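Source file: start.pdb. Holds: PDB, C-alpha atoms and all ligand atoms.
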```
ATOM      1  CA  MET A 252     -40.674 -15.493  -4.162  1.00  0.00           C
ATOM      2  CA  LYS A 253     -39.723 -12.364  -6.048  1.00  0.00           C
ATOM      3  CA  GLY A 254     -38.002 -11.144  -2.914  1.00  0.00           C
ATOM      4  CA  TYR A 255     -35.857 -14.260  -2.723  1.00  0.00           C
ATOM      5  CA  LEU A 256     -34.904 -13.908  -6.364  1.00  0.00           C
ATOM      6  CA  SER A 257     -33.761 -10.311  -5.886  1.00  0.00           C
ATOM      7  CA  LEU A 258     -31.841 -11.320  -2.781  1.00  0.00           C
ATOM      8  CA  PHE A 259     -30.160 -14.114  -4.682  1.00  0.00           C
ATOM      9  CA  CYS A 260     -29.211 -11.764  -7.519  1.00  0.00           C
ATOM     10  CA  PHE A 261     -27.879  -9.237  -5.053  1.00  0.00           C
ATOM     11  CA  LEU A 262     -25.763 -11.794  -3.184  1.00  0.00           C
ATOM     12  CA  PHE A 263     -24.462 -13.145  -6.470  1.00  0.00           C
ATOM     13  CA  VAL A 264     -23.412  -9.707  -7.627  1.00  0.00           C
ATOM     14  CA  ILE A 265     -21.730  -8.811  -4.347  1.00  0.00           C
ATOM     15  CA  CYS A 266     -20.060 -12.217  -4.230  1.00  0.00           C
ATOM     16  CA  ALA A 267     -18.559 -12.200  -7.691  1.00  0.00           C
ATOM     17  CA  TRP A 268     -17.903  -8.502  -7.822  1.00  0.00           C
ATOM     18  CA  GLY A 269     -14.910  -8.287  -5.530  1.00  0.00           C
ATOM     19  CA  HIS A 270     -12.988 -10.798  -7.577  1.00  0.00           C
ATOM     20  CA  ALA A 271     -13.377  -8.860 -10.774  1.00  0.00           C
ATOM     21  CA  GLY A 272     -11.007  -5.970 -10.700  1.00  0.00           C
ATOM     22  CA  GLU A 273      -7.926  -5.058 -12.602  1.00  0.00           C
ATOM     23  CA  VAL A 274      -6.412  -1.695 -11.846  1.00  0.00           C
ATOM     24  CA  ASN A 275      -6.186   0.844 -14.665  1.00  0.00           C
ATOM     25  CA  THR A 276      -3.651   3.607 -14.685  1.00  0.00           C
ATOM     26  CA  GLN A 277      -5.007   7.088 -15.171  1.00  0.00           C
ATOM     27  CA  PRO A 278      -3.266  10.421 -14.616  1.00  0.00           C
ATOM     28  CA  ASN A 279      -4.106  12.378 -11.473  1.00  0.00           C
ATOM     29  CA  ALA A 280      -6.586  15.227 -11.773  1.00  0.00           C
ATOM     30  CA  ASN A 281      -5.145  18.706 -11.430  1.00  0.00           C
ATOM     31  CA  LEU A 282      -4.450  19.164  -7.737  1.00  0.00           C
ATOM     32  CA  SER A 283      -4.652  22.930  -7.527  1.00  0.00           C
ATOM     33  CA  ASP A 284      -8.288  22.735  -8.676  1.00  0.00           C
ATOM     34  CA  ARG A 285      -9.251  20.723  -5.626  1.00  0.00           C
ATOM     35  CA  MET A 286      -7.130  22.119  -2.781  1.00  0.00           C
ATOM     36  CA  LEU A 287      -7.136  25.173  -0.530  1.00  0.00           C
ATOM     37  CA  PRO A 288      -3.641  26.676  -0.028  1.00  0.00           C
ATOM     38  CA  SER A 289      -3.979  26.100   3.736  1.00  0.00           C
ATOM     39  CA  GLU A 290      -4.411  22.382   3.097  1.00  0.00           C
ATOM     40  CA  MET A 291      -1.166  22.004   1.141  1.00  0.00           C
ATOM     41  CA  PRO A 292       1.175  21.198   4.088  1.00  0.00           C
ATOM     42  CA  ALA A 293      -1.162  18.416   5.203  1.00  0.00           C
ATOM     43  CA  LEU A 294      -1.366  17.109   1.677  1.00  0.00           C
ATOM     44  CA  MET A 295       2.417  17.073   1.297  1.00  0.00           C
ATOM     45  CA  ALA A 296       2.673  14.997   4.480  1.00  0.00           C
ATOM     46  CA  LEU A 297      -0.193  12.685   3.559  1.00  0.00           C
ATOM     47  CA  ARG A 298       0.673  11.834  -0.034  1.00  0.00           C
ATOM     48  CA  PRO A 299       3.897   9.784   0.291  1.00  0.00           C
ATOM     49  CA  VAL A 300       2.421   7.703   3.107  1.00  0.00           C
ATOM     50  CA  TYR A 301      -0.802   7.279   1.147  1.00  0.00           C
ATOM     51  CA  ASP A 302       1.086   5.879  -1.836  1.00  0.00           C
ATOM     52  CA  ALA A 303       3.268   3.592   0.279  1.00  0.00           C
ATOM     53  CA  LYS A 304       0.847   2.294   2.887  1.00  0.00           C
ATOM     54  CA  ILE A 305      -2.772   3.397   2.489  1.00  0.00           C
ATOM     55  CA  LYS A 306      -3.431   2.967  -1.212  1.00  0.00           C
ATOM     56  CA  PRO A 307      -2.574  -0.764  -1.195  1.00  0.00           C
ATOM     57  CA  ILE A 308      -5.185  -1.280   1.552  1.00  0.00           C
ATOM     58  CA  PHE A 309      -7.875   0.837  -0.129  1.00  0.00           C
ATOM     59  CA  GLU A 310      -7.140  -0.728  -3.500  1.00  0.00           C
ATOM     60  CA  LYS A 311      -7.967  -4.156  -2.189  1.00  0.00           C
ATOM     61  CA  LYS A 312     -10.782  -3.299   0.221  1.00  0.00           C
ATOM     62  CA  CYS A 313     -12.493  -0.095  -0.942  1.00  0.00           C
ATOM     63  CA  PHE A 314     -11.829   0.592  -4.648  1.00  0.00           C
ATOM     64  CA  ASP A 315     -14.585  -1.788  -5.836  1.00  0.00           C
ATOM     65  CA  CYS A 316     -17.079   0.865  -4.785  1.00  0.00           C
ATOM     66  CA  HIS A 317     -15.058   4.039  -4.166  1.00  0.00           C
ATOM     67  CA  ALA A 318     -12.878   4.034  -7.291  1.00  0.00           C
ATOM     68  CA  PRO A 319     -14.867   1.972  -9.806  1.00  0.00           C
ATOM     69  CA  LYS A 320     -13.103   3.621 -12.756  1.00  0.00           C
ATOM     70  CA  ARG A 321      -9.953   1.897 -11.589  1.00  0.00           C
ATOM     71  CA  ARG A 322     -11.665  -1.485 -11.578  1.00  0.00           C
ATOM     72  CA  THR A 323     -12.868  -3.541 -14.489  1.00  0.00           C
ATOM     73  CA  LEU A 324     -16.421  -4.534 -13.736  1.00  0.00           C
ATOM     74  CA  PRO A 325     -17.391  -8.124 -14.523  1.00  0.00           C
ATOM     75  CA  TRP A 326     -19.360  -9.092 -17.654  1.00  0.00           C
ATOM     76  CA  TYR A 327     -22.701  -9.333 -15.820  1.00  0.00           C
ATOM     77  CA  ALA A 328     -22.391  -5.665 -14.796  1.00  0.00           C
ATOM     78  CA  SER A 329     -23.729  -4.810 -18.237  1.00  0.00           C
ATOM     79  CA  LEU A 330     -26.947  -6.848 -17.743  1.00  0.00           C
ATOM     80  CA  PRO A 331     -29.901  -4.437 -17.425  1.00  0.00           C
ATOM     81  CA  ILE A 332     -31.112  -5.012 -13.848  1.00  0.00           C
ATOM     82  CA  ILE A 333     -27.736  -5.762 -12.372  1.00  0.00           C
ATOM     83  CA  LYS A 334     -26.227  -2.746 -14.085  1.00  0.00           C
ATOM     84  CA  GLY A 335     -28.762  -0.509 -12.329  1.00  0.00           C
ATOM     85  CA  MET A 336     -28.085  -2.081  -8.940  1.00  0.00           C
ATOM     86  CA  ILE A 337     -24.325  -1.726  -9.241  1.00  0.00           C
ATOM     87  CA  GLN A 338     -24.519   1.800 -10.640  1.00  0.00           C
ATOM     88  CA  ASP A 339     -26.695   2.932  -7.694  1.00  0.00           C
ATOM     89  CA  ASP A 340     -24.211   1.627  -5.171  1.00  0.00           C
ATOM     90  CA  LEU A 341     -21.191   2.965  -7.014  1.00  0.00           C
ATOM     91  CA  HIS A 342     -22.843   6.320  -7.415  1.00  0.00           C
ATOM     92  CA  GLY A 343     -23.576   6.505  -3.674  1.00  0.00           C
ATOM     93  CA  ALA A 344     -20.052   5.508  -2.723  1.00  0.00           C
ATOM     94  CA  THR A 345     -18.190   7.847  -5.068  1.00  0.00           C
ATOM     95  CA  GLU A 346     -20.575  10.711  -4.428  1.00  0.00           C
ATOM     96  CA  HIS A 347     -19.771  10.519  -0.723  1.00  0.00           C
ATOM     97  CA  PHE A 348     -16.124   9.609  -0.998  1.00  0.00           C
ATOM     98  CA  ASP A 349     -14.328   9.231  -4.316  1.00  0.00           C
ATOM     99  CA  MET A 350     -10.913   7.542  -4.050  1.00  0.00           C
ATOM    100  CA  THR A 351     -10.262   7.515  -7.813  1.00  0.00           C
ATOM    101  CA  ASP A 352      -7.508  10.143  -7.758  1.00  0.00           C
ATOM    102  CA  GLY A 353      -6.157   9.397  -4.291  1.00  0.00           C
ATOM    103  CA  VAL A 354      -5.779  12.119  -1.703  1.00  0.00           C
ATOM    104  CA  PRO A 355      -7.417  14.665  -1.723  1.00  0.00           C
ATOM    105  CA  PHE A 356     -10.505  12.512  -2.156  1.00  0.00           C
ATOM    106  CA  GLY A 357     -13.278  13.573  -4.506  1.00  0.00           C
ATOM    107  CA  GLY A 358     -16.647  14.662  -3.116  1.00  0.00           C
ATOM    108  CA  GLN A 359     -18.117  17.816  -1.724  1.00  0.00           C
ATOM    109  CA  SER A 360     -16.076  18.019   1.504  1.00  0.00           C
ATOM    110  CA  SER A 361     -12.828  19.664   2.511  1.00  0.00           C
ATOM    111  CA  LEU A 362      -9.761  17.579   3.341  1.00  0.00           C
ATOM    112  CA  LYS A 363     -10.340  18.235   7.032  1.00  0.00           C
ATOM    113  CA  LYS A 364     -13.904  16.912   6.924  1.00  0.00           C
ATOM    114  CA  ASP A 365     -12.865  13.949   4.794  1.00  0.00           C
ATOM    115  CA  LEU A 366     -10.231  12.909   7.323  1.00  0.00           C
ATOM    116  CA  LYS A 367     -12.738  13.260  10.152  1.00  0.00           C
ATOM    117  CA  ILE A 368     -15.396  11.132   8.468  1.00  0.00           C
ATOM    118  CA  LEU A 369     -12.821   8.556   7.392  1.00  0.00           C
ATOM    119  CA  ASP A 370     -11.587   8.347  10.980  1.00  0.00           C
ATOM    120  CA  LYS A 371     -15.133   7.754  12.211  1.00  0.00           C
ATOM    121  CA  VAL A 372     -15.969   5.177   9.578  1.00  0.00           C
ATOM    122  CA  VAL A 373     -12.727   3.205   9.997  1.00  0.00           C
ATOM    123  CA  SER A 374     -12.550   3.284  13.782  1.00  0.00           C
ATOM    124  CA  HIS A 375     -16.187   2.123  14.042  1.00  0.00           C
ATOM    125  CA  ASN A 376     -15.584  -0.586  11.450  1.00  0.00           C
ATOM    126  CA  ARG A 377     -18.454   0.772   9.300  1.00  0.00           C
ATOM    127  CA  MET A 378     -16.732   0.105   5.972  1.00  0.00           C
ATOM    128  CA  PRO A 379     -16.736  -1.971   3.877  1.00  0.00           C
ATOM    129  CA  PRO A 380     -20.526  -2.421   4.355  1.00  0.00           C
ATOM    130  CA  THR A 381     -21.627  -5.463   6.353  1.00  0.00           C
ATOM    131  CA  LEU A 382     -23.164  -7.421   3.490  1.00  0.00           C
ATOM    132  CA  TYR A 383     -20.067  -6.962   1.367  1.00  0.00           C
ATOM    133  CA  LYS A 384     -17.897  -8.113   4.290  1.00  0.00           C
ATOM    134  CA  LEU A 385     -20.056 -11.218   4.724  1.00  0.00           C
ATOM    135  CA  MET A 386     -19.439 -12.107   1.108  1.00  0.00           C
ATOM    136  CA  HIS A 387     -15.765 -11.093   1.182  1.00  0.00           C
ATOM    137  CA  PRO A 388     -14.450 -11.844   4.660  1.00  0.00           C
ATOM    138  CA  SER A 389     -10.900 -11.169   3.459  1.00  0.00           C
ATOM    139  CA  HIS A 390     -11.891  -7.602   2.547  1.00  0.00           C
ATOM    140  CA  GLU A 391     -12.595  -6.636   6.168  1.00  0.00           C
ATOM    141  CA  LEU A 392      -9.984  -4.235   7.550  1.00  0.00           C
ATOM    142  CA  THR A 393      -7.576  -5.938   9.975  1.00  0.00           C
ATOM    143  CA  PRO A 394      -6.722  -4.227  13.293  1.00  0.00           C
ATOM    144  CA  GLU A 395      -3.225  -3.459  11.909  1.00  0.00           C
ATOM    145  CA  GLU A 396      -4.695  -1.855   8.787  1.00  0.00           C
ATOM    146  CA  MET A 397      -7.105   0.185  10.912  1.00  0.00           C
ATOM    147  CA  LYS A 398      -4.183   1.443  12.981  1.00  0.00           C
ATOM    148  CA  THR A 399      -2.168   2.310   9.860  1.00  0.00           C
ATOM    149  CA  ILE A 400      -5.113   4.326   8.504  1.00  0.00           C
ATOM    150  CA  ILE A 401      -5.858   6.039  11.837  1.00  0.00           C
ATOM    151  CA  ASP A 402      -2.160   7.015  12.280  1.00  0.00           C
ATOM    152  CA  TRP A 403      -2.135   8.402   8.740  1.00  0.00           C
ATOM    153  CA  ILE A 404      -5.257  10.476   9.458  1.00  0.00           C
ATOM    154  CA  ALA A 405      -3.638  11.830  12.650  1.00  0.00           C
ATOM    155  CA  LEU A 406      -0.553  12.818  10.635  1.00  0.00           C
ATOM    156  CA  GLY A 407      -2.725  14.843   8.250  1.00  0.00           C
ATOM    157  CA  GLN A 408      -4.752  16.386  11.083  1.00  0.00           C
ATOM    158  CA  SER A 409      -1.562  17.530  12.851  1.00  0.00           C
ATOM    159  CA  HIS A 410      -0.874  19.756   9.810  1.00  0.00           C
ATOM    160  CA  LEU A 411      -4.400  21.144   9.664  1.00  0.00           C
ATOM    161  CA  GLN A 412      -4.782  22.716  13.130  1.00  0.00           C
TER     162      GLN A 412
HETATM  163  C1  LIG A 501     -19.741  -2.536  -1.418  1.00  0.00           C
HETATM  164  C2  LIG A 501     -19.377  -1.178  -1.692  1.00  0.00           C
HETATM  165  C3  LIG A 501     -18.450  -0.437  -0.722  1.00  0.00           C
HETATM  166  C4  LIG A 501     -17.194  -0.801  -0.295  1.00  0.00           C
HETATM  167  C5  LIG A 501     -16.400  -2.050  -0.645  1.00  0.00           C
HETATM  168  C6  LIG A 501     -16.729   0.281   0.569  1.00  0.00           C
HETATM  169  N1  LIG A 501     -17.679   1.252   0.640  1.00  0.00           N
HETATM  170 FE1  LIG A 501     -17.529   3.017   1.639  1.00  0.00          FE
HETATM  171  N2  LIG A 501     -19.408   3.576   1.037  1.00  0.00           N
HETATM  172  C7  LIG A 501     -20.233   2.796   0.219  1.00  0.00           C
HETATM  173  C8  LIG A 501     -21.489   3.516   0.009  1.00  0.00           C
HETATM  174  C9  LIG A 501     -22.679   3.008  -0.837  1.00  0.00           C
HETATM  175  C10 LIG A 501     -21.386   4.747   0.709  1.00  0.00           C
HETATM  176  C11 LIG A 501     -22.410   5.887   0.816  1.00  0.00           C
HETATM  177  C12 LIG A 501     -23.531   5.535   1.724  1.00  0.00           C
HETATM  178  C13 LIG A 501     -23.101   5.267   3.129  1.00  0.00           C
HETATM  179  O1  LIG A 501     -22.507   6.153   3.780  1.00  0.00           O
HETATM  180  O2  LIG A 501     -23.341   4.133   3.594  1.00  0.00           O
HETATM  181  C14 LIG A 501     -20.067   4.754   1.351  1.00  0.00           C
HETATM  182  C15 LIG A 501     -19.582   5.783   2.131  1.00  0.00           C
HETATM  183  C16 LIG A 501     -18.284   5.853   2.640  1.00  0.00           C
HETATM  184  C17 LIG A 501     -17.722   6.993   3.340  1.00  0.00           C
HETATM  185  C18 LIG A 501     -18.468   8.304   3.622  1.00  0.00           C
HETATM  186  C19 LIG A 501     -19.357   8.130   4.817  1.00  0.00           C
HETATM  187  C20 LIG A 501     -20.225   9.347   5.074  1.00  0.00           C
HETATM  188  O3  LIG A 501     -20.914   9.297   6.110  1.00  0.00           O
HETATM  189  O4  LIG A 501     -20.210  10.279   4.280  1.00  0.00           O
HETATM  190  C21 LIG A 501     -16.444   6.675   3.687  1.00  0.00           C
HETATM  191  C22 LIG A 501     -15.442   7.551   4.453  1.00  0.00           C
HETATM  192  C23 LIG A 501     -16.198   5.321   3.216  1.00  0.00           C
HETATM  193  N3  LIG A 501     -17.333   4.853   2.586  1.00  0.00           N
HETATM  194  C24 LIG A 501     -15.008   4.659   3.376  1.00  0.00           C
HETATM  195  C25 LIG A 501     -14.768   3.342   2.910  1.00  0.00           C
HETATM  196  C26 LIG A 501     -13.529   2.647   3.133  1.00  0.00           C
HETATM  197  C27 LIG A 501     -12.319   3.214   3.903  1.00  0.00           C
HETATM  198  C28 LIG A 501     -13.658   1.416   2.528  1.00  0.00           C
HETATM  199  C29 LIG A 501     -12.661   0.294   2.500  1.00  0.00           C
HETATM  200  C30 LIG A 501     -12.079  -0.102   3.770  1.00  0.00           C
HETATM  201  C31 LIG A 501     -14.995   1.365   1.934  1.00  0.00           C
HETATM  202  N4  LIG A 501     -15.639   2.557   2.194  1.00  0.00           N
HETATM  203  C32 LIG A 501     -15.497   0.294   1.212  1.00  0.00           C
HETATM  204  C33 LIG A 501     -19.930   1.579  -0.339  1.00  0.00           C
HETATM  205  C34 LIG A 501     -18.748   0.868  -0.132  1.00  0.00           C
END
```
Show the structure stored in the file as structure tokens.
Ligand code: HEC
Amino acid sequence: MKGYLSLFCFLFVICAWGHAGEVNTQPNANLSDRMLPSEMPALMALRPVYDAKIKPIFEKKCFDCHAPKRRTLPWYASLPIIKGMIQDDLHGATEHFDMTDGVPFGGQSSLKKDLKILDKVVSHNRMPPTLYKLMHPSHELTPEEMKTIIDWIALGQSHLQ
């Protein structure tokens, strides 16, 4: 019985969560702190396309978990148990891949590794996570969006050889 209750709470949170966000505007973090000089040409190529084509996709389909500071969490996110559940997931997502300040992404990896892992995750349709997709079918990446992201990754990789 307890199991069902937790499951219900979890589904409720996931379900209502994706409809909650408003985007805040915050200044970009200082770039030179996060980039190697050898990565600059790739970054210069990636940024304009990111702003024009990639960010709108990520904003709708990934920011809930990967850029939570740019979303306004719903009222129930401050309830004790639910707060813990959401914080755990958000922490995991931003720790691995933080989209808050755009490209370069935050986390422990280099730009090269980030592009590689993003390529893997997107081309295998691993994100957004399955349960989230079940609750938000419209947040699944479309084949066109996948192609746009994969082409953008290839553009960056061509400057990193
Ligand atoms: C419901 C929350 C949620 C959403 C929405 C979501 N992610 Fe994630 N993502 C996670 C979590 C949690 C992790 C860390 C654990 C894992 O790898 O499963 C993660 C990890 C990742 C990683 C790193 C994988 C690794 O192996 O290090 C990438 C890249 C990623 N997500 C991309 C995306 C993209 C692109 C989108 C949107 C199309 C997206 N995610 C949407 C929760 C989410």
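Interatomic distance, atom C26 of ligand LIG 501 (chain A) to CA of Leu406 (chain A): 18.1 Å.
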**Q.** Given only C-alpha atoms as the counted atoms, nearest of A:Ile400, A:Pro380, A:His390, A:Pro355 to Ala293 (chain A)
**A.** A:Pro355
If you take all atoms listed in the file and a cut-off of 7 Å, which residues of chain A touch ligand LIG 501 (chain A), and what are their nearest atom pairs and distances in Å to one decimal, in chain and number order, as CSV?
```
residue,atom,partner,partner_atom,distance
A:Phe309,CA,A:LIG501,C29,5.5
A:Lys312,CA,A:LIG501,C29,4.7
A:Cys313,CA,A:LIG501,C29,3.5
A:Phe314,CA,A:LIG501,C5,6.6
A:Asp315,CA,A:LIG501,C5,5.5
A:Cys316,CA,A:LIG501,C2,4.4
A:His317,CA,A:LIG501,N1,6.1
A:Asp340,CA,A:LIG501,C9,4.8
A:Leu341,CA,A:LIG501,C9,6.4
A:Gly343,CA,A:LIG501,C9,4.6
A:Ala344,CA,A:LIG501,C8,3.7
A:His347,CA,A:LIG501,O4,5.0
A:Phe348,CA,A:LIG501,C17,5.3
A:Asp365,CA,A:LIG501,C22,6.9
A:Ile368,CA,A:LIG501,C22,5.4
A:Leu369,CA,A:LIG501,C22,4.1
A:Val372,CA,A:LIG501,C22,5.7
A:Val373,CA,A:LIG501,C27,6.1
A:Met378,CA,A:LIG501,C31,4.6
A:Pro379,CA,A:LIG501,C32,3.7
A:Pro380,CA,A:LIG501,C1,5.8
A:Tyr383,CA,A:LIG501,C1,5.2
A:Glu391,CA,A:LIG501,C30,7.0
A:Leu392,CA,A:LIG501,C30,6.0
```
Q. Can you tell me how far CA of Lys398 (chain A) sits from CA of Val354 (chain A), in Å to one decimal?
A.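 Pair CA of Lys398 (chain A) / CA of Val354 (chain A) returns 18.2 Å.
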Q.
Between A:Ile333, A:Met286, A:Ile308, A:Met291, which residue has the minimum interatomic distance to Glu396 (chain A), considering only C-alpha atoms?
A. A:Ile308
Q) From the list A:Met350, A:Leu362, A:Leu411, A:Met386, which residue is nearest Arg322 (chain A) when using all atoms listed in the file? A)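 Among the listed residues, A:Met350 lies closest to Arg322 (chain A).
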Q: Translate the PyMOL selection byres (((chain A and resi 300) around 12) and not hetatm), as applied to the file shown, into an explicit residue set as a list in words.
A: Ala293, Leu294, Met295, Ala296, Leu297, Arg298, Pro299, Tyr301, Asp302, Ala303, Lys304, Ile305, Lys306, Pro307, Ile308, Gly353, Val354, Thr399, Ile400, Asp402, Trp403, Ile404, Leu406 and Gly407 of chain A
Q. Which is closer to Leu287 (chain A) than all the others in A:Lys363, A:Ala318, A:Thr345, A:Lys334, using only C-alpha atoms?
A.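 When distances to Leu287 (chain A) are compared using only C-alpha atoms, the smallest one comes from A:Lys363.
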Q: Could you check how far CA of Pro319 (chain A) sits from CA of Gly357 (chain A), in Å to one decimal?
A: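 If I compute the distance from CA of Pro319 (chain A) to CA of Gly357 (chain A), I get 12.9 Å.
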